[in-house]
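> Next comes the structure file target.cif, holding mmCIF, C-alpha atoms and all ligand atoms.
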```
data_data
#
loop_
_atom_site.label_atom_id
_atom_site.label_comp_id
_atom_site.auth_asym_id
_atom_site.auth_seq_id
_atom_site.Cartn_x
_atom_site.Cartn_y
_atom_site.Cartn_z
CA MET I 12 -19.00 -32.07 -17.45
CA LYS I 13 -16.10 -32.33 -19.92
CA ILE I 14 -13.20 -29.88 -19.66
CA LEU I 15 -10.41 -29.38 -22.17
CA VAL I 16 -7.14 -28.21 -20.60
CA LEU I 17 -4.59 -26.47 -22.82
CA ASN I 18 -0.98 -25.51 -22.24
CA CYS I 19 0.33 -23.46 -25.18
CA GLY I 20 4.01 -22.82 -25.83
CA SER I 21 5.44 -20.80 -28.68
CA SER I 22 5.61 -23.83 -30.99
CA SER I 23 3.79 -26.47 -28.98
CA LEU I 24 0.38 -27.21 -27.50
CA LYS I 25 -0.35 -29.82 -24.84
CA TYR I 26 -3.93 -30.89 -24.14
CA GLN I 27 -5.97 -33.13 -21.88
CA LEU I 28 -9.71 -33.76 -21.99
CA PHE I 29 -11.16 -34.51 -18.55
CA ASN I 30 -14.46 -36.14 -17.68
CA MET I 31 -15.13 -34.25 -14.45
CA ASP I 32 -17.77 -36.75 -13.29
CA ASP I 33 -14.89 -38.90 -12.06
CA GLU I 34 -11.91 -36.61 -12.92
CA SER I 35 -10.64 -39.18 -15.42
CA VAL I 36 -8.54 -38.26 -18.47
CA MET I 37 -10.45 -39.19 -21.65
CA ALA I 38 -7.60 -38.26 -24.00
CA LYS I 39 -4.38 -36.31 -23.99
CA GLY I 40 -1.81 -35.26 -26.50
CA LEU I 41 0.70 -32.84 -27.86
CA VAL I 42 1.14 -30.75 -31.00
CA GLU I 43 4.80 -30.03 -31.75
CA LYS I 44 6.69 -27.70 -34.10
CA ILE I 45 3.73 -25.39 -34.76
CA GLY I 46 4.77 -22.93 -37.48
CA LEU I 47 8.13 -24.64 -38.01
CA GLY I 48 7.10 -27.09 -40.76
CA ASP I 49 7.35 -30.82 -40.10
CA SER I 50 4.64 -30.44 -37.40
CA GLU I 51 3.16 -33.42 -35.60
CA LEU I 52 0.16 -34.25 -33.45
CA THR I 53 0.44 -37.09 -30.95
CA HIS I 54 -2.97 -38.15 -29.64
CA GLN I 55 -3.49 -40.67 -26.85
CA PRO I 56 -7.11 -41.66 -26.27
CA GLN I 57 -7.71 -43.46 -22.96
CA GLY I 58 -7.73 -47.22 -23.46
CA LYS I 59 -6.91 -47.02 -27.18
CA ASP I 60 -3.69 -46.91 -29.21
CA LYS I 61 -1.66 -43.71 -29.47
CA ILE I 62 -1.63 -42.11 -32.93
CA LYS I 63 0.74 -39.65 -34.59
CA ILE I 64 -0.34 -37.37 -37.43
CA SER I 65 2.18 -35.33 -39.42
CA ALA I 66 0.79 -32.24 -41.10
CA ASP I 67 1.50 -28.63 -41.92
CA ILE I 68 0.38 -26.78 -38.78
CA PRO I 69 1.19 -23.12 -39.43
CA ASN I 70 -0.42 -21.62 -36.32
CA HIS I 71 -2.23 -22.30 -33.03
CA GLY I 72 -5.65 -21.99 -34.75
CA VAL I 73 -4.90 -24.93 -37.05
CA ALA I 74 -3.42 -26.83 -34.08
CA ILE I 75 -6.69 -26.44 -32.12
CA GLU I 76 -8.70 -27.54 -35.18
CA MET I 77 -6.58 -30.70 -35.35
CA VAL I 78 -6.98 -31.39 -31.64
CA VAL I 79 -10.77 -31.05 -31.92
CA ALA I 80 -10.76 -33.30 -35.04
CA ALA I 81 -8.72 -35.93 -33.14
CA LEU I 82 -11.12 -35.77 -30.17
CA LEU I 83 -14.08 -36.25 -32.58
CA ASP I 84 -12.44 -38.85 -34.82
CA LYS I 85 -14.61 -41.95 -35.37
CA GLU I 86 -11.77 -44.35 -34.66
CA HIS I 87 -9.46 -42.51 -32.24
CA GLY I 88 -11.87 -39.95 -30.79
CA VAL I 89 -13.53 -39.89 -27.37
CA ILE I 90 -16.51 -37.57 -28.00
CA SER I 91 -19.07 -37.47 -30.80
CA ASP I 92 -19.95 -33.78 -30.82
CA MET I 93 -17.80 -30.69 -30.17
CA ARG I 94 -20.61 -29.35 -27.96
CA GLU I 95 -19.69 -32.02 -25.41
CA ILE I 96 -16.72 -29.76 -24.45
CA ASP I 97 -18.25 -27.61 -21.68
CA ALA I 98 -15.31 -25.29 -21.02
CA VAL I 99 -11.62 -24.78 -21.80
CA GLY I 100 -8.99 -24.16 -19.13
CA HIS I 101 -5.78 -22.43 -20.19
CA ARG I 102 -2.50 -22.60 -18.30
CA ILE I 103 -1.03 -19.10 -18.27
CA VAL I 104 2.46 -18.55 -16.87
CA HIS I 105 2.22 -14.94 -15.70
CA GLY I 106 -0.75 -13.17 -14.15
CA ALA I 107 1.25 -10.34 -12.53
CA GLN I 108 -0.55 -8.56 -9.65
CA MET I 109 -3.68 -8.31 -11.77
CA PHE I 110 -4.67 -11.98 -11.60
CA SER I 111 -4.55 -13.31 -8.06
CA ALA I 112 -6.88 -16.24 -8.82
CA SER I 113 -8.13 -18.23 -11.79
CA CYS I 114 -10.80 -16.36 -13.76
CA ILE I 115 -13.09 -16.41 -16.75
CA ILE I 116 -11.25 -14.90 -19.73
CA ASP I 117 -13.65 -12.40 -21.28
CA ASP I 118 -12.69 -9.46 -23.53
CA LYS I 119 -11.71 -7.29 -20.55
CA ALA I 120 -9.54 -10.05 -19.00
CA LEU I 121 -7.91 -10.70 -22.37
CA ALA I 122 -7.08 -6.99 -22.74
CA ASP I 123 -5.62 -6.98 -19.20
CA LEU I 124 -3.65 -10.10 -20.00
CA GLU I 125 -2.10 -8.42 -23.04
CA THR I 126 -0.55 -5.84 -20.71
CA VAL I 127 1.17 -8.61 -18.71
CA SER I 128 3.05 -10.00 -21.74
CA GLU I 129 5.92 -7.60 -21.16
CA LEU I 130 6.73 -9.49 -17.93
CA ALA I 131 6.71 -12.90 -19.66
CA PRO I 132 7.51 -12.25 -23.32
CA LEU I 133 8.31 -15.89 -24.10
CA HIS I 134 5.44 -17.54 -22.25
CA ASN I 135 2.33 -15.34 -22.21
CA PRO I 136 1.91 -14.49 -25.92
CA PRO I 137 1.46 -18.19 -26.93
CA SER I 138 -1.26 -18.56 -24.25
CA ILE I 139 -3.05 -15.54 -25.67
CA LEU I 140 -2.78 -17.06 -29.16
CA GLY I 141 -4.28 -20.27 -27.78
CA ILE I 142 -7.17 -18.44 -26.10
CA ARG I 143 -7.96 -16.47 -29.27
CA ALA I 144 -7.78 -19.62 -31.38
CA CYS I 145 -10.15 -21.46 -29.01
CA CYS I 146 -12.65 -18.59 -29.00
CA GLU I 147 -12.79 -18.98 -32.78
CA LYS I 148 -12.66 -22.77 -33.13
CA ILE I 149 -14.65 -23.81 -30.03
CA PRO I 150 -17.09 -20.89 -29.88
CA GLY I 151 -19.60 -20.25 -27.13
CA VAL I 152 -17.87 -22.12 -24.28
CA PRO I 153 -16.34 -20.42 -21.23
CA MET I 154 -12.56 -19.88 -21.36
CA VAL I 155 -10.78 -19.95 -18.02
CA GLY I 156 -7.26 -18.72 -17.24
CA VAL I 157 -5.22 -20.46 -14.53
CA PHE I 158 -2.01 -18.64 -13.65
CA ASP I 159 1.33 -20.03 -12.40
CA THR I 160 1.82 -16.88 -10.34
CA ALA I 161 -1.66 -16.56 -8.77
CA PHE I 162 -1.19 -18.79 -5.68
CA HIS I 163 1.80 -16.68 -4.63
CA GLN I 164 -0.11 -13.41 -4.59
CA THR I 165 -0.77 -13.77 -0.85
CA MET I 166 2.92 -13.10 -0.08
CA PRO I 167 3.42 -10.10 2.19
CA ALA I 168 5.29 -7.08 0.78
CA ALA I 169 8.30 -7.90 2.96
CA ASN I 170 8.68 -11.15 1.00
CA TYR I 171 7.99 -9.83 -2.48
CA LEU I 172 9.90 -6.54 -2.51
CA TYR I 173 13.57 -6.53 -3.47
CA GLY I 174 16.16 -4.23 -1.94
CA LEU I 175 16.07 -1.95 -4.98
CA PRO I 176 14.85 1.64 -5.45
CA TYR I 177 11.10 1.47 -4.76
CA GLU I 178 10.38 3.31 -8.01
CA TYR I 179 11.37 0.19 -10.01
CA TYR I 180 8.51 -1.64 -8.33
CA GLU I 181 6.16 1.21 -9.21
CA LYS I 182 7.45 1.83 -12.74
CA TYR I 183 8.38 -1.66 -13.93
CA LYS I 184 6.46 -3.92 -11.49
CA ILE I 185 9.76 -5.46 -10.36
CA ARG I 186 8.96 -7.73 -7.42
CA ARG I 187 8.96 -11.40 -6.53
CA TYR I 188 6.08 -13.19 -8.30
CA GLY I 189 6.96 -16.86 -7.95
CA PHE I 190 5.95 -19.64 -10.37
CA HIS I 191 4.74 -23.28 -10.33
CA GLY I 192 1.85 -21.91 -8.22
CA THR I 193 -0.69 -24.40 -9.55
CA SER I 194 1.56 -27.27 -8.50
CA HIS I 195 2.31 -25.78 -5.05
CA ARG I 196 -1.45 -25.26 -4.55
CA PHE I 197 -2.30 -28.81 -5.62
CA VAL I 198 0.25 -30.56 -3.40
CA SER I 199 -0.16 -28.27 -0.37
CA ALA I 200 -3.95 -28.79 -0.47
CA ARG I 201 -3.46 -32.56 -0.72
CA CYS I 202 -0.95 -32.42 2.16
CA ALA I 203 -3.46 -30.49 4.31
CA GLU I 204 -5.99 -33.24 3.52
CA LEU I 205 -3.51 -35.93 4.57
CA LEU I 206 -2.74 -34.02 7.78
CA GLY I 207 -6.46 -33.52 8.40
CA ARG I 208 -6.03 -29.79 9.14
CA ASN I 209 -6.11 -26.49 7.27
CA ASP I 210 -3.87 -24.49 9.60
CA ALA I 211 -0.63 -26.38 8.98
CA LYS I 212 2.75 -24.89 8.11
CA ILE I 213 3.86 -26.71 4.97
CA ILE I 214 6.99 -26.42 2.82
CA THR I 215 6.39 -27.65 -0.73
CA CYS I 216 9.42 -28.61 -2.84
CA HIS I 217 8.63 -28.74 -6.57
CA LEU I 218 11.87 -30.21 -7.90
CA GLY I 219 11.94 -30.79 -11.67
CA ASN I 220 13.84 -29.29 -14.58
CA GLY I 221 12.77 -26.01 -13.07
CA SER I 222 12.56 -26.11 -9.29
CA SER I 223 10.94 -23.96 -6.64
CA LEU I 224 10.00 -24.16 -2.98
CA SER I 225 7.09 -22.48 -1.22
CA ALA I 226 6.25 -21.78 2.40
CA VAL I 227 2.50 -22.28 2.88
CA ASP I 228 0.83 -21.31 6.17
CA HIS I 229 -2.92 -21.82 6.71
CA GLY I 230 -3.25 -22.63 2.98
CA LYS I 231 -1.62 -19.36 1.87
CA VAL I 232 1.83 -18.77 0.40
CA VAL I 233 4.05 -16.61 2.60
CA ASP I 234 7.23 -17.00 0.56
CA THR I 235 8.54 -18.76 -2.54
CA SER I 236 11.97 -19.25 -4.05
CA MET I 237 11.44 -18.15 -7.66
CA GLY I 238 11.33 -14.41 -8.12
CA PHE I 239 10.66 -11.77 -10.74
CA THR I 240 11.41 -14.59 -13.20
CA PRO I 241 11.78 -18.39 -12.87
CA LEU I 242 15.57 -17.95 -12.81
CA ALA I 243 15.77 -17.34 -9.06
CA GLY I 244 15.99 -19.72 -6.11
CA VAL I 245 17.56 -23.17 -6.00
CA LEU I 246 20.00 -24.64 -8.53
CA MET I 247 18.04 -26.06 -11.50
CA GLY I 248 18.71 -28.18 -14.61
CA THR I 249 20.15 -25.33 -16.67
CA ARG I 250 19.26 -22.24 -14.58
CA SER I 251 21.65 -20.78 -12.06
CA GLY I 252 19.20 -20.06 -9.26
CA ASP I 253 20.30 -17.28 -6.86
CA ILE I 254 23.74 -15.79 -7.54
CA ASP I 255 25.51 -12.59 -6.58
CA PRO I 256 23.91 -10.10 -9.03
CA ALA I 257 27.26 -8.35 -9.57
CA ILE I 258 28.49 -11.48 -11.40
CA VAL I 259 26.16 -10.62 -14.28
CA THR I 260 27.79 -7.35 -15.30
CA TYR I 261 31.28 -8.72 -14.53
CA VAL I 262 30.86 -11.71 -16.88
CA MET I 263 29.22 -9.52 -19.55
CA GLU I 264 32.27 -7.29 -19.55
CA LYS I 265 34.82 -10.10 -19.42
CA GLU I 266 33.15 -12.22 -22.13
CA GLY I 267 31.81 -9.33 -24.21
CA LEU I 268 28.23 -10.60 -23.92
CA ASP I 269 25.08 -8.64 -24.69
CA THR I 270 21.92 -9.07 -22.60
CA ALA I 271 20.51 -11.88 -24.76
CA ALA I 272 23.76 -13.86 -24.56
CA MET I 273 24.01 -13.33 -20.79
CA ASN I 274 20.39 -14.41 -20.37
CA ALA I 275 21.22 -17.58 -22.30
CA VAL I 276 24.16 -18.29 -19.98
CA LEU I 277 22.01 -17.90 -16.87
CA ASN I 278 18.97 -19.79 -18.21
CA LYS I 279 20.42 -22.45 -20.51
CA LYS I 280 24.06 -23.07 -19.63
CA SER I 281 24.11 -22.94 -15.85
CA GLY I 282 22.65 -25.11 -13.08
CA LEU I 283 23.37 -28.85 -12.93
CA LEU I 284 24.60 -28.69 -16.55
CA GLY I 285 26.87 -25.71 -15.96
CA ILE I 286 28.61 -27.12 -12.90
CA SER I 287 28.78 -30.79 -13.91
CA GLY I 288 29.38 -30.35 -17.63
CA VAL I 289 27.51 -33.68 -17.92
CA SER I 290 23.80 -32.96 -18.32
CA SER I 291 20.84 -30.93 -17.07
CA ASP I 292 19.05 -34.21 -16.40
CA MET I 293 19.29 -35.29 -12.77
CA ARG I 294 19.42 -38.99 -13.70
CA TYR I 295 22.64 -38.54 -15.72
CA VAL I 296 24.23 -36.27 -13.12
CA GLU I 297 23.48 -38.84 -10.38
CA GLU I 298 24.91 -41.59 -12.61
CA ALA I 299 28.10 -39.62 -13.36
CA ALA I 300 28.58 -38.78 -9.67
CA ASP I 301 28.16 -42.46 -8.84
CA GLN I 302 30.94 -43.24 -11.31
CA GLY I 303 33.26 -40.79 -9.58
CA ASN I 304 32.85 -37.62 -11.69
CA GLU I 305 33.94 -34.86 -9.28
CA ARG I 306 32.06 -31.99 -10.94
CA ALA I 307 28.88 -34.05 -11.02
CA LYS I 308 29.32 -34.70 -7.29
CA ILE I 309 29.71 -30.98 -6.61
CA ALA I 310 26.64 -30.17 -8.77
CA LEU I 311 24.56 -32.54 -6.63
CA GLU I 312 25.96 -31.00 -3.44
CA VAL I 313 25.07 -27.48 -4.62
CA PHE I 314 21.53 -28.61 -5.60
CA ARG I 315 20.95 -30.28 -2.23
CA LYS I 316 22.48 -27.38 -0.28
CA THR I 317 20.23 -24.82 -1.94
CA VAL I 318 17.11 -26.93 -1.27
CA VAL I 319 18.14 -27.53 2.36
CA SER I 320 18.85 -23.79 2.82
CA PHE I 321 15.42 -22.75 1.58
CA ILE I 322 13.71 -25.33 3.79
CA GLY I 323 15.63 -23.93 6.77
CA ALA I 324 14.81 -20.35 5.80
CA TYR I 325 11.10 -21.11 5.42
CA ALA I 326 10.88 -23.02 8.68
CA ALA I 327 12.44 -19.95 10.33
CA GLU I 328 10.11 -17.52 8.53
CA MET I 329 7.01 -19.49 9.54
CA ASN I 330 8.45 -20.09 13.01
CA GLY I 331 7.99 -23.82 12.53
CA VAL I 332 6.99 -26.43 10.00
CA ASP I 333 4.51 -29.30 10.25
CA ALA I 334 5.10 -31.01 6.92
CA ILE I 335 7.44 -31.04 3.93
CA VAL I 336 6.29 -32.21 0.49
CA PHE I 337 8.40 -33.42 -2.42
CA THR I 338 6.93 -33.29 -5.93
CA ALA I 339 7.72 -33.05 -9.71
CA GLY I 340 10.26 -35.10 -11.71
CA ILE I 341 13.08 -35.16 -9.16
CA GLY I 342 10.89 -34.84 -6.05
CA GLU I 343 8.65 -37.74 -7.09
CA ASN I 344 11.31 -40.03 -8.56
CA SER I 345 14.69 -39.52 -6.96
CA ALA I 346 14.89 -41.40 -3.67
CA LEU I 347 18.57 -40.42 -3.59
CA GLU I 348 17.92 -36.64 -3.60
CA ARG I 349 15.10 -36.92 -1.05
CA ALA I 350 17.30 -38.97 1.27
CA ALA I 351 20.25 -36.57 0.91
CA ILE I 352 18.06 -33.52 1.60
CA CYS I 353 16.26 -35.13 4.56
CA ALA I 354 19.61 -36.12 6.10
CA ASN I 355 20.07 -32.42 6.90
CA LEU I 356 16.63 -31.94 8.41
CA THR I 357 16.91 -33.99 11.61
CA TYR I 358 17.45 -30.71 13.55
CA LEU I 359 13.89 -29.72 12.54
CA GLY I 360 12.48 -32.98 13.88
CA VAL I 361 12.37 -35.04 10.68
CA ASP I 362 12.62 -38.76 11.45
CA PHE I 363 13.26 -40.11 7.95
CA ASP I 364 11.97 -43.54 6.91
CA ALA I 365 14.51 -44.92 4.40
CA ALA I 366 12.39 -47.98 3.59
CA ALA I 367 9.28 -45.92 2.78
CA ASN I 368 11.44 -43.57 0.71
CA ASP I 369 12.44 -46.42 -1.60
CA CYS I 370 9.69 -45.66 -4.11
CA ARG I 371 8.97 -43.72 -7.29
CA GLY I 372 6.10 -41.63 -8.57
CA LYS I 373 3.47 -42.41 -5.97
CA GLU I 374 1.95 -40.77 -2.93
CA VAL I 375 3.74 -41.94 0.19
CA GLU I 376 4.76 -40.69 3.63
CA ILE I 377 8.55 -40.95 3.96
CA SER I 378 8.87 -39.96 7.63
CA LYS I 379 8.39 -42.39 10.51
CA PRO I 380 5.03 -42.43 12.33
CA ASP I 381 6.33 -40.42 15.31
CA SER I 382 8.28 -37.86 13.26
CA LYS I 383 7.70 -34.32 14.59
CA VAL I 384 7.73 -33.00 11.02
CA ARG I 385 5.93 -35.24 8.53
CA VAL I 386 7.43 -35.67 5.06
CA PHE I 387 5.43 -36.73 2.00
CA VAL I 388 5.95 -37.48 -1.66
CA ILE I 389 2.84 -36.21 -3.46
CA PRO I 390 2.71 -36.49 -7.27
CA THR I 391 1.64 -33.15 -8.70
CA ASN I 392 -1.19 -32.78 -11.21
CA GLU I 393 -1.35 -29.23 -12.58
CA GLU I 394 -3.74 -30.22 -15.39
CA LEU I 395 -6.30 -31.64 -12.95
CA MET I 396 -6.03 -28.49 -10.82
CA ILE I 397 -6.71 -26.40 -13.96
CA ALA I 398 -9.67 -28.64 -14.85
CA ARG I 399 -11.13 -28.27 -11.33
CA ASP I 400 -10.84 -24.46 -11.41
CA THR I 401 -12.32 -24.38 -14.91
CA LYS I 402 -15.28 -26.53 -13.86
CA ALA I 403 -16.00 -24.34 -10.82
CA LEU I 404 -15.81 -21.09 -12.80
CA ALA I 405 -17.78 -22.46 -15.78
CA GLU I 406 -20.55 -23.57 -13.40
CA SER I 407 -20.60 -20.13 -11.78
CA VAL I 408 -21.46 -18.41 -15.08
CA LYS I 409 -24.03 -20.97 -16.27
P1 LIG I 501 9.69 -30.07 -15.96
O1 LIG I 501 10.16 -28.98 -15.07
O2 LIG I 501 10.24 -30.01 -17.36
O3 LIG I 501 8.20 -30.37 -15.88
P2 LIG I 501 9.95 -32.60 -14.59
O4 LIG I 501 9.11 -32.23 -13.42
O5 LIG I 501 9.44 -33.62 -15.54
O6 LIG I 501 10.43 -31.33 -15.39
O7 LIG I 501 11.35 -33.09 -14.01
C1 LIG I 501 12.40 -33.46 -14.84
C2 LIG I 501 13.57 -33.86 -13.94
O8 LIG I 501 13.21 -35.02 -13.18
C3 LIG I 501 14.83 -34.22 -14.72
O9 LIG I 501 15.96 -33.63 -14.11
C4 LIG I 501 14.91 -35.73 -14.55
O10 LIG I 501 16.20 -36.18 -14.56
C5 LIG I 501 14.32 -35.90 -13.18
N1 LIG I 501 13.94 -37.31 -12.97
C6 LIG I 501 12.96 -38.02 -13.55
N2 LIG I 501 13.01 -39.32 -13.13
C7 LIG I 501 14.07 -39.41 -12.29
C8 LIG I 501 14.65 -40.48 -11.53
N3 LIG I 501 14.17 -41.71 -11.57
N4 LIG I 501 15.73 -40.19 -10.77
C9 LIG I 501 16.24 -38.94 -10.73
N5 LIG I 501 15.73 -37.91 -11.41
C10 LIG I 501 14.66 -38.14 -12.18
#
```
Would you write the structure of this file as structure tokens?

Amino acid sequence: MKILVLNCGSSSLKYQLFNMDDESVMAKGLVEKIGLGDSELTHQPQGKDKIKISADIPNHGVAIEMVVAALLDKEHGVISDMREIDAVGHRIVHGAQMFSASCIIDDKALADLETVSELAPLHNPPSILGIRACCEKIPGVPMVGVFDTAFHQTMPAANYLYGLPYEYYEKYKIRRYGFHGTSHRFVSARCAELLGRNDAKIITCHLGNGSSLSAVDHGKVVDTSMGFTPLAGVLMGTRSGDIDPAIVTYVMEKEGLDTAAMNAVLNKKSGLLGISGVSSDMRYVEEAADQGNERAKIALEVFRKTVVSFIGAYAAEMNGVDAIVFTAGIGENSALERAAICANLTYLGVDFDAAANDCRGKEVEISKPDSKVRVFVIPTNEELMIARDTKALAESVK
């Protein structure tokens, strides 16, 4: 079975074609600057040279046409007939309370999904465009939606309700949703496999440009650090993470900012970048700190402190922890951050293995064999998770 996985942004579209017989990637690529002129498709077939095609790509429909043409291309393609694509899996950022698991996107689901756009105005509409475009350009194959929020829907009310008037939850659906759910699901399931048990208490740390932690007990999320939006939780590349909410109105008044400008401050000018003034990219902040830049040093300390605090909070909430997982760009690649975070976890029973930690981008256990709490680096693979869900659901409607 061959599954096409799509991740649509407002002006971009990422794709991977999986052969699910062995879960291998047959081709992957990216369409950039859709609707902005100067658009480009980068196509990487497995085992062949990467190609770039510049063209006018005014909308997602034309982008999908180009992706299908690249997949079918005599020289650079990997399939000979469009009918070889058995199903399409779509990454969708927000599923609200309506979508607590991946599902087939039929007309009813698409109509429901439209109502969720208000909660994710930047992210959901491009996914809907992508689904509509696929229905037209790759007709007759099942479309599956896989939601970043779905895995977190098992959170109890005590962990998703904010201390606000209850009517805001009822009227505006204001609650904690959490994001990166597909990644937390992938790595927590793999961790359970490595532990050889399904009843473990696991804390998953997805640390990338955007970062979030989840507490997973018996395979279900009990708490997660992102909230109503992906702005909440730990310090991120350019996002503030948790702050005193009163700061928002105070700064708006002092700086004369409207809501859009204040949103930009919190989402694009804060985090590692805001504190260090150097970069949002962890590599450059680590480098600057190493060279003695004081603000870069403080930015790293704030990042580490927020991660350590959430791990402590989640161990307390679950009344214990069996394993901690690091994943995503920083979690998989920065031995320095992992070591600094684990240095504050000895009280939990983490016996850190510095030699094992000296690695990048591969699955490895970084705690010593007798460590009470086991610590793993597990590379995430959200696209594969989407392909697996899509295969299962497509088979169920055959
Ligand atoms: P996104 O959230 O955009 O998917 P990623 O998961 O790719 O982001 O993570 C990007 C982050 O990973 C950046 O801050 C980058 O600096 C960091 N990163 C990647 N490689 C390294 C490395 N070798 N050392 C430290 N940080 C790294």
> Could you list, as a ChimeraX atom specification, all protein and nucleic acid residues with an atom at most 6 Å from ligand LIG 501 (chain I), counting all atoms listed in the file?
/I:219-221,292-294,339-341,344-345
> Counting all atoms listed in the file, figure out which residue out of I:Leu224, I:Ser22, I:Arg208, I:Pro56 gets nearest to I:Ser35.
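Of all the options, I:Pro56 lies closest to I:Ser35.
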> Let me make sure I understand: among I:Ile149, I:Arg187, I:Gly72, I:Ser65, which one has the smallest atom-to-atom distance to I:Asp97 if we use only C-alpha atoms?
I:Ile149
> For I:Tyr180, work out the shell of residues within 12 Å, counting all atoms listed in the file and skipping chain neighbours fewer than 6 positions away, then give it as a PyMOL selection string.
chain I and resi 108+168+171-174+186-188+239
> Which value, in Å to one decimal, gives the distance between atom CA of I:Val227 and atom CA of I:Ser199?
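The value is 7.3 Å.
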> For I:Glu406, list every protein, DNA or RNA residue within 10 Å, evaluated using all atoms listed in the file, and leave out those in the same chain fewer than 6 positions away; present the list as a ChimeraX atom specification.
/I:12,97-98,153,400
> Using all atoms listed in the file, determine which residues lie at most 9 Å from I:Ala144, disregarding the query and same-chain residues fewer than 2 positions distant; provide the list as a PyMOL selection string.
chain I and resi 71-76+139-142+146-149
> Let me make sure I understand: among I:Leu359, I:Leu17, I:Ile286, I:Cys145, which one has the smallest atom-to-atom distance to I:Ala310 if we use all atoms listed in the file?
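Checking each candidate against I:Ala310, we get I:Ile286 as the closest.
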> Taking all atoms listed in the file into account, name the residue in I:Asp362, I:Asp49, I:Glu34, I:Glu264 that is nearest to I:Ile377.
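Closest to I:Ile377, using all atoms listed in the file: I:Asp362.
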> What's the separation between atom CA of I:Tyr179 and atom CA of I:Val157, in Å to one decimal place?
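Interatomic distance here is 26.9 Å.
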> Measuring between only C-alpha atoms, which one of I:Val289, I:Met247, I:Val319, I:Ala200 shows the shortest distance to I:Leu356?
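The closest residue to I:Leu356 is I:Val319.
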> Would you work out the distance separating atom CA of I:Leu41 from atom CA of I:Asn274, expressed in Å to one decimal?
28.0 Å
> For I:Thr165, list every protein, DNA or RNA residue within 12 Å, evaluated using all atoms listed in the file, and leave out those in the same chain fewer than 5 positions away; present the list as a PDB file with C-alpha atoms, keeping the file's coordinate frame.

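The result, stored in part-v6.pdb:
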```pdb
ATOM      1  CA  GLN I 108      -0.550  -8.560  -9.650  1.00  0.00           C
ATOM      2  CA  PHE I 110      -4.670 -11.980 -11.600  1.00  0.00           C
ATOM      3  CA  SER I 111      -4.550 -13.310  -8.060  1.00  0.00           C
ATOM      4  CA  ALA I 112      -6.880 -16.240  -8.820  1.00  0.00           C
ATOM      5  CA  THR I 160       1.820 -16.880 -10.340  1.00  0.00           C
ATOM      6  CA  ASN I 170       8.680 -11.150   1.000  1.00  0.00           C
ATOM      7  CA  TYR I 171       7.990  -9.830  -2.480  1.00  0.00           C
ATOM      8  CA  ARG I 187       8.960 -11.400  -6.530  1.00  0.00           C
ATOM      9  CA  TYR I 188       6.080 -13.190  -8.300  1.00  0.00           C
ATOM     10  CA  GLY I 189       6.960 -16.860  -7.950  1.00  0.00           C
ATOM     11  CA  GLY I 192       1.850 -21.910  -8.220  1.00  0.00           C
ATOM     12  CA  SER I 225       7.090 -22.480  -1.220  1.00  0.00           C
ATOM     13  CA  ALA I 226       6.250 -21.780   2.400  1.00  0.00           C
ATOM     14  CA  VAL I 227       2.500 -22.280   2.880  1.00  0.00           C
ATOM     15  CA  ASP I 228       0.830 -21.310   6.170  1.00  0.00           C
ATOM     16  CA  HIS I 229      -2.920 -21.820   6.710  1.00  0.00           C
ATOM     17  CA  GLY I 230      -3.250 -22.630   2.980  1.00  0.00           C
ATOM     18  CA  LYS I 231      -1.620 -19.360   1.870  1.00  0.00           C
ATOM     19  CA  VAL I 232       1.830 -18.770   0.400  1.00  0.00           C
ATOM     20  CA  VAL I 233       4.050 -16.610   2.600  1.00  0.00           C
ATOM     21  CA  ASP I 234       7.230 -17.000   0.560  1.00  0.00           C
ATOM     22  CA  THR I 235       8.540 -18.760  -2.540  1.00  0.00           C
TER      23      THR I 235
END
```
> Mind rebuilding stretch 28-33 of chain I with N, CA, C and O atoms and writing that out as a compact mmCIF listing (two decimals), in the frame of the given file?

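Generated file (result-v4.txt):
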```
# COMPACT_ATOMS: atom_id res chain seq x y z
N LEU I 28 -8.26 -33.89 -22.14
CA LEU I 28 -9.71 -33.76 -21.99
C LEU I 28 -10.13 -34.56 -20.77
O LEU I 28 -9.86 -35.77 -20.69
N PHE I 29 -10.74 -33.87 -19.80
CA PHE I 29 -11.16 -34.51 -18.55
C PHE I 29 -12.67 -34.76 -18.55
O PHE I 29 -13.44 -33.89 -18.97
N ASN I 30 -13.06 -35.92 -18.03
CA ASN I 30 -14.46 -36.14 -17.68
C ASN I 30 -14.56 -35.83 -16.19
O ASN I 30 -14.06 -36.58 -15.35
N MET I 31 -15.17 -34.70 -15.84
CA MET I 31 -15.13 -34.25 -14.45
C MET I 31 -16.10 -35.01 -13.55
O MET I 31 -16.09 -34.81 -12.34
N ASP I 32 -16.90 -35.93 -14.15
CA ASP I 32 -17.77 -36.75 -13.29
C ASP I 32 -16.92 -37.61 -12.36
O ASP I 32 -17.24 -37.81 -11.20
N ASP I 33 -15.78 -38.09 -12.91
CA ASP I 33 -14.89 -38.90 -12.06
C ASP I 33 -13.43 -38.41 -12.16
O ASP I 33 -12.52 -39.10 -11.73
```
